[in-house]
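Below: one structure, written as structure tokens.
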Amino acid sequence: MPSSTFFNLPKEKKLKILEVSMAEFSEHGYQESSISSIIKKAEIPRGSFYQYFEDKLDLYKYVVEQVGIKKHEYSQYLTQITSEMKFIDIVRNLFIGGIHFYRKHPDMAKIANDLILNSDQDLKKSLLGEEDKKSNEFFHTLINESKKKHEIDQRLNNETIILLIQTLNLSLVQNFINKSGNDYFDDKLFSLIDEMMLFLEKGLSIPIQGKEKNF
């Protein structure tokens with residue numbers, strides 16, 4: 001994480017370094033990004049950079065943390081979870097929150113997506129380990145409650161359901177990135193989400209004969 005020297009910089013200078021770094025990581029990814037390019041565009045001496053960050057990985061961790069904070073704001077805003085909400089509606093809101101984030105912050109979105117798709121498992125684990133743990137705990141609790149309410153078939157493994165949701169969400173994001181545009185977002189994307197939710201709901205639901213046995 002950044003040193004106290006970085007945090008003591010004027011707000012405008014910190015923001016410029018962050019924005020330049022995000023643009024670099026968004027365009028080139030972590031492996032191909034260049035400290036020299038960041039230093040040049042941020043207009044800071046190389047020596048100052050190493051007073052702020054240990055190395056490129058240290059900077060990348062900070063950038064990923066900021067991306068996570070911003071993305072979480074969208075999920076918090078769009079997902080008001082109550083005991084009355086159906087499981088599928090909560091998942092739908094999470095998907096929509098993610099798409100709003102990707103639309104409003106394309107550089108951040110690309111950084112997040114590139115990290116998910118990165119083949120360096122050690123890098124992903126070091127950056128996403130705690131976040132993945134929190135996400136899994138959230139979904140396990142949600143799924144268990146939904147099973148109690150007979151919204152989800154008890155025979156389905158929680159990990160399988162989580163994997164399915166993550167895969168659908170990643171596919172949705174990739175589709176959005178490939179076809180992004182206001183018309184697509186407004187006219188087609190929500191229909192695609194609704195179809196995904198219908199597929200998910202039908203796949204998770206208890207068969208009619210199963211429901212009869214449960215009551």
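Ordering of the structure tokens sets the chain letters (A, B, ...), residue numbers begin anew at 1 in every chain, and ligands are numbered from 1 in the order given.
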Quick one: residues within 12 Å of Glu131 in chain A, only C-alpha atoms, excluding same-chain residues fewer than 6 positions away - as a list in words? Val64, Glu65, Gly68, Ile69, His72, Lys124, Lys125, Glu137 and Phe138 of chain A
Sorted by chain and rising residue number, which residues of range 41-126 of chain A lie within 8 Å of range 165-181 of chain A, and what are their closest atom pairs and distances in Å to one decimal, counting only C-alpha atoms, as a tab-separated table?
```
residue	atom	partner	partner_atom	distance
A:Phe95	CA	A:Asn169	CA	6.5
A:Ile99	CA	A:Val173	CA	7.0
A:Tyr102	CA	A:Val173	CA	7.9
```
